[in-house]
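Enquirer: The structure follows.
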Amino acid sequence: MIRRFVAGWQDPSTGFFGADYLVGRQRLRTVDLSLTFHMARYLEGAIGYWPQLVDTLFAIRDRRYPNGWLDEIGLTNHNNYDVAVLLQFGWPHMRPDQRRRADEELTRLLDWCLTTAISPDGEVVARAVGESLPESYYFTIAFLDTVGYFDPSRRFWTELEFRKAPVVRERLKDRLVKLPQRDPMVRMACERLGRADQ
């Protein structure tokens, strides 16, 4: 029943999920990055229309959240994580041109994360508006984990080596131990960093 509902909710022309509005007799559909991320993630990628979804994802790159990748301040690791997860699930379904574009975008997001969002001593300095400090560490680490920065076996999109990854990981770990250890976001961030030890 729920799968039928989800399949009917997804827009075949964009591949996205979003709010629908009935104006007169016309149905207007929106694209929502967060809703689409959550549907794809909770269903482990078992949704349809991946080529359309990926095209739409690239098309909304420069728009404001929830209809794009950008927050009030620009890029955020929270939204970048959503984008990375969608590209990860979409990768097996992508055309060659989409894979090339995904490589370019993930390279750009990773560069921003490592040079702008994280200071040289491992402090997360770029946070989404309204995001708590534990949340900012979680989403930064979740993004890096998703793109395989710490673990080569998770690098679905590139064969590049990230030689500084162990140093960045240790500096993030040093910062995490200074945060409230009972906070669920801190615990989840620690779990993500711990994957590279396994």
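Lettering and numbering for the structure tokens are positional, with chains as A, B, ... in the shown order, residues counted from 1 in each chain, and ligands counted from 1 in the shown order.
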Show me, as JSON lines, the residues of segment 93-175 of chain A having an atom within 10 Å of segment 61-78 of chain A, each with the closest atom pair and its distance in Å, using only C-alpha atoms.

Expert:
{"residue": "A:Glu105", "atom": "CA", "partner": "A:Arg61", "partner_atom": "CA", "distance": 9.3}
{"residue": "A:Leu109", "atom": "CA", "partner": "A:Leu75", "partner_atom": "CA", "distance": 8.3}
{"residue": "A:Leu110", "atom": "CA", "partner": "A:Asn77", "partner_atom": "CA", "distance": 9.4}
{"residue": "A:Trp112", "atom": "CA", "partner": "A:Leu75", "partner_atom": "CA", "distance": 8.3}
{"residue": "A:Cys113", "atom": "CA", "partner": "A:Asn77", "partner_atom": "CA", "distance": 7.0}
{"residue": "A:Thr116", "atom": "CA", "partner": "A:Leu75", "partner_atom": "CA", "distance": 9.9}
{"residue": "A:Ala117", "atom": "CA", "partner": "A:Asn77", "partner_atom": "CA", "distance": 7.7}
{"residue": "A:Val124", "atom": "CA", "partner": "A:Asn77", "partner_atom": "CA", "distance": 9.9}
{"residue": "A:Ala126", "atom": "CA", "partner": "A:Thr76", "partner_atom": "CA", "distance": 7.0}
{"residue": "A:Arg127", "atom": "CA", "partner": "A:Thr76", "partner_atom": "CA", "distance": 6.4}
{"residue": "A:Ala128", "atom": "CA", "partner": "A:Thr76", "partner_atom": "CA", "distance": 5.6}
{"residue": "A:Val129", "atom": "CA", "partner": "A:Glu72", "partner_atom": "CA", "distance": 7.2}
{"residue": "A:Glu131", "atom": "CA", "partner": "A:His78", "partner_atom": "CA", "distance": 9.0}
{"residue": "A:Glu135", "atom": "CA", "partner": "A:His78", "partner_atom": "CA", "distance": 8.5}
{"residue": "A:Ser136", "atom": "CA", "partner": "A:His78", "partner_atom": "CA", "distance": 7.5}
{"residue": "A:Tyr137", "atom": "CA", "partner": "A:Asn77", "partner_atom": "CA", "distance": 9.0}
{"residue": "A:Tyr138", "atom": "CA", "partner": "A:His78", "partner_atom": "CA", "distance": 8.6}
{"residue": "A:Phe139", "atom": "CA", "partner": "A:His78", "partner_atom": "CA", "distance": 5.1}
{"residue": "A:Thr140", "atom": "CA", "partner": "A:Asn77", "partner_atom": "CA", "distance": 5.2}
{"residue": "A:Ile141", "atom": "CA", "partner": "A:Asn77", "partner_atom": "CA", "distance": 8.6}
{"residue": "A:Ala142", "atom": "CA", "partner": "A:Asn77", "partner_atom": "CA", "distance": 8.5}
{"residue": "A:Phe143", "atom": "CA", "partner": "A:Asn77", "partner_atom": "CA", "distance": 6.6}
{"residue": "A:Leu144", "atom": "CA", "partner": "A:Asn77", "partner_atom": "CA", "distance": 9.1}

Enquirer: Quick one: residues within 7 Å of segment 161-168 of chain A, only C-alpha atoms, excluding same-chain residues fewer than 5 positions away - as a list in words?

Expert: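 My list of contacting residues is Gly122, Tyr149 and Phe150 of chain A.
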
Enquirer: Would you kindly return, as an NGL selection string, each protein, DNA or RNA residue with an atom no farther than 10 Å from any atom of Leu35 of chain A, considering only C-alpha atoms and excluding same-chain residues fewer than 6 positions away?

Expert: :A and (16-19 or 41 or 66 or 82)

Enquirer: Restricting it to N, CA, C and O atoms, dump the selection as a PDB file, in the first residue's frame.

Expert:
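part39.pdb, written as the output of this step:
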ATOM      1  N   PHE A  16      11.258  13.801  -8.837  1.00  0.00           N
ATOM      2  CA  PHE A  16      11.282  14.335  -7.477  1.00  0.00           C
ATOM      3  C   PHE A  16       9.960  14.126  -6.757  1.00  0.00           C
ATOM      4  O   PHE A  16       8.924  13.876  -7.373  1.00  0.00           O
ATOM      5  N   PHE A  17      10.034  14.265  -5.440  1.00  0.00           N
ATOM      6  CA  PHE A  17       8.868  14.325  -4.580  1.00  0.00           C
ATOM      7  C   PHE A  17       8.743  15.760  -4.095  1.00  0.00           C
ATOM      8  O   PHE A  17       9.743  16.470  -3.955  1.00  0.00           O
ATOM      9  N   GLY A  18       7.522  16.177  -3.847  1.00  0.00           N
ATOM     10  CA  GLY A  18       7.300  17.528  -3.346  1.00  0.00           C
ATOM     11  C   GLY A  18       5.834  17.752  -3.073  1.00  0.00           C
ATOM     12  O   GLY A  18       5.004  16.863  -3.267  1.00  0.00           O
ATOM     13  N   ALA A  19       5.550  18.948  -2.624  1.00  0.00           N
ATOM     14  CA  ALA A  19       4.152  19.303  -2.370  1.00  0.00           C
ATOM     15  C   ALA A  19       3.421  19.470  -3.694  1.00  0.00           C
ATOM     16  O   ALA A  19       3.970  19.995  -4.666  1.00  0.00           O
ATOM     17  N   ARG A  41      16.302   7.603   0.536  1.00  0.00           N
ATOM     18  CA  ARG A  41      17.126   6.986   1.586  1.00  0.00           C
ATOM     19  C   ARG A  41      16.355   5.930   2.366  1.00  0.00           C
ATOM     20  O   ARG A  41      16.856   4.831   2.588  1.00  0.00           O
ATOM     21  N   PRO A  66      13.985  24.762  -0.159  1.00  0.00           N
ATOM     22  CA  PRO A  66      13.985  23.327  -0.423  1.00  0.00           C
ATOM     23  C   PRO A  66      13.940  22.950  -1.903  1.00  0.00           C
ATOM     24  O   PRO A  66      13.952  21.772  -2.228  1.00  0.00           O
ATOM     25  N   ASP A  82      22.546  15.549   1.313  1.00  0.00           N
ATOM     26  CA  ASP A  82      21.352  15.096   0.596  1.00  0.00           C
ATOM     27  C   ASP A  82      21.674  14.855  -0.878  1.00  0.00           C
ATOM     28  O   ASP A  82      21.280  13.840  -1.461  1.00  0.00           O
TER      29      ASP A  82
END

Enquirer: Please report, as a list in words, each residue of chain A to which DSSP assigns strand (DSSP E or B) when run on this structure's backbone.

Expert: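 Of chain A, only Asp20, Tyr21, Leu22, Val23, Gln26, Arg27, Leu28, Arg29, Arg64, Leu70, Asp71, Gly74, Ile118 and Val124 of chain A fall in strand (DSSP E or B).
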
Enquirer: Please measure the separation of atom CA of Pro92 of chain A and atom CA of Arg3 of chain A, giving the value in Å to one decimal.

Expert: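 The value is 21.2 Å.
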
Enquirer: My list of candidates is A:Arg27, A:Arg169, A:Arg155, A:His38. Which is closest to Val83 of chain A when distances are computed with only C-alpha atoms?

Expert: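 When distances to Val83 of chain A are compared using only C-alpha atoms, the smallest one comes from A:His38.
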
Enquirer: Where does DSSP see helix (DSSP H, G or I) in segment 13-104 of chain A, if you list the residues as a PyMOL selection string?

Expert: chain A and resi 33-42+50-59+77-93+96-104

Enquirer: What does the structure give for the distance between atom CA of Gly15 of chain A and atom CA of Trp50 of chain A, in Å to one decimal?

Expert: 6.3 Å

Enquirer: Expressed in Å to a single decimal, how great is the separation between atom CA of Asp20 of chain A and atom CA of Val6 of chain A?

Expert: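 Taking atom CA of Asp20 of chain A as the start and atom CA of Val6 of chain A as the end point, the length is 13.3 Å.
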
Enquirer: For a quick check of understanding, using only C-alpha atoms, which of A:Arg175, A:Arg29, A:Arg99, A:His93 has the smallest distance to Cys190 of chain A?

Expert: A:Arg175

Enquirer: What's the 7 Å shell around Ala84 of chain A, counting only C-alpha atoms, without same-chain residues fewer than 3 positions away, as a ChimeraX atom specification?

Expert: /A:80-81,87-88,143,146-147
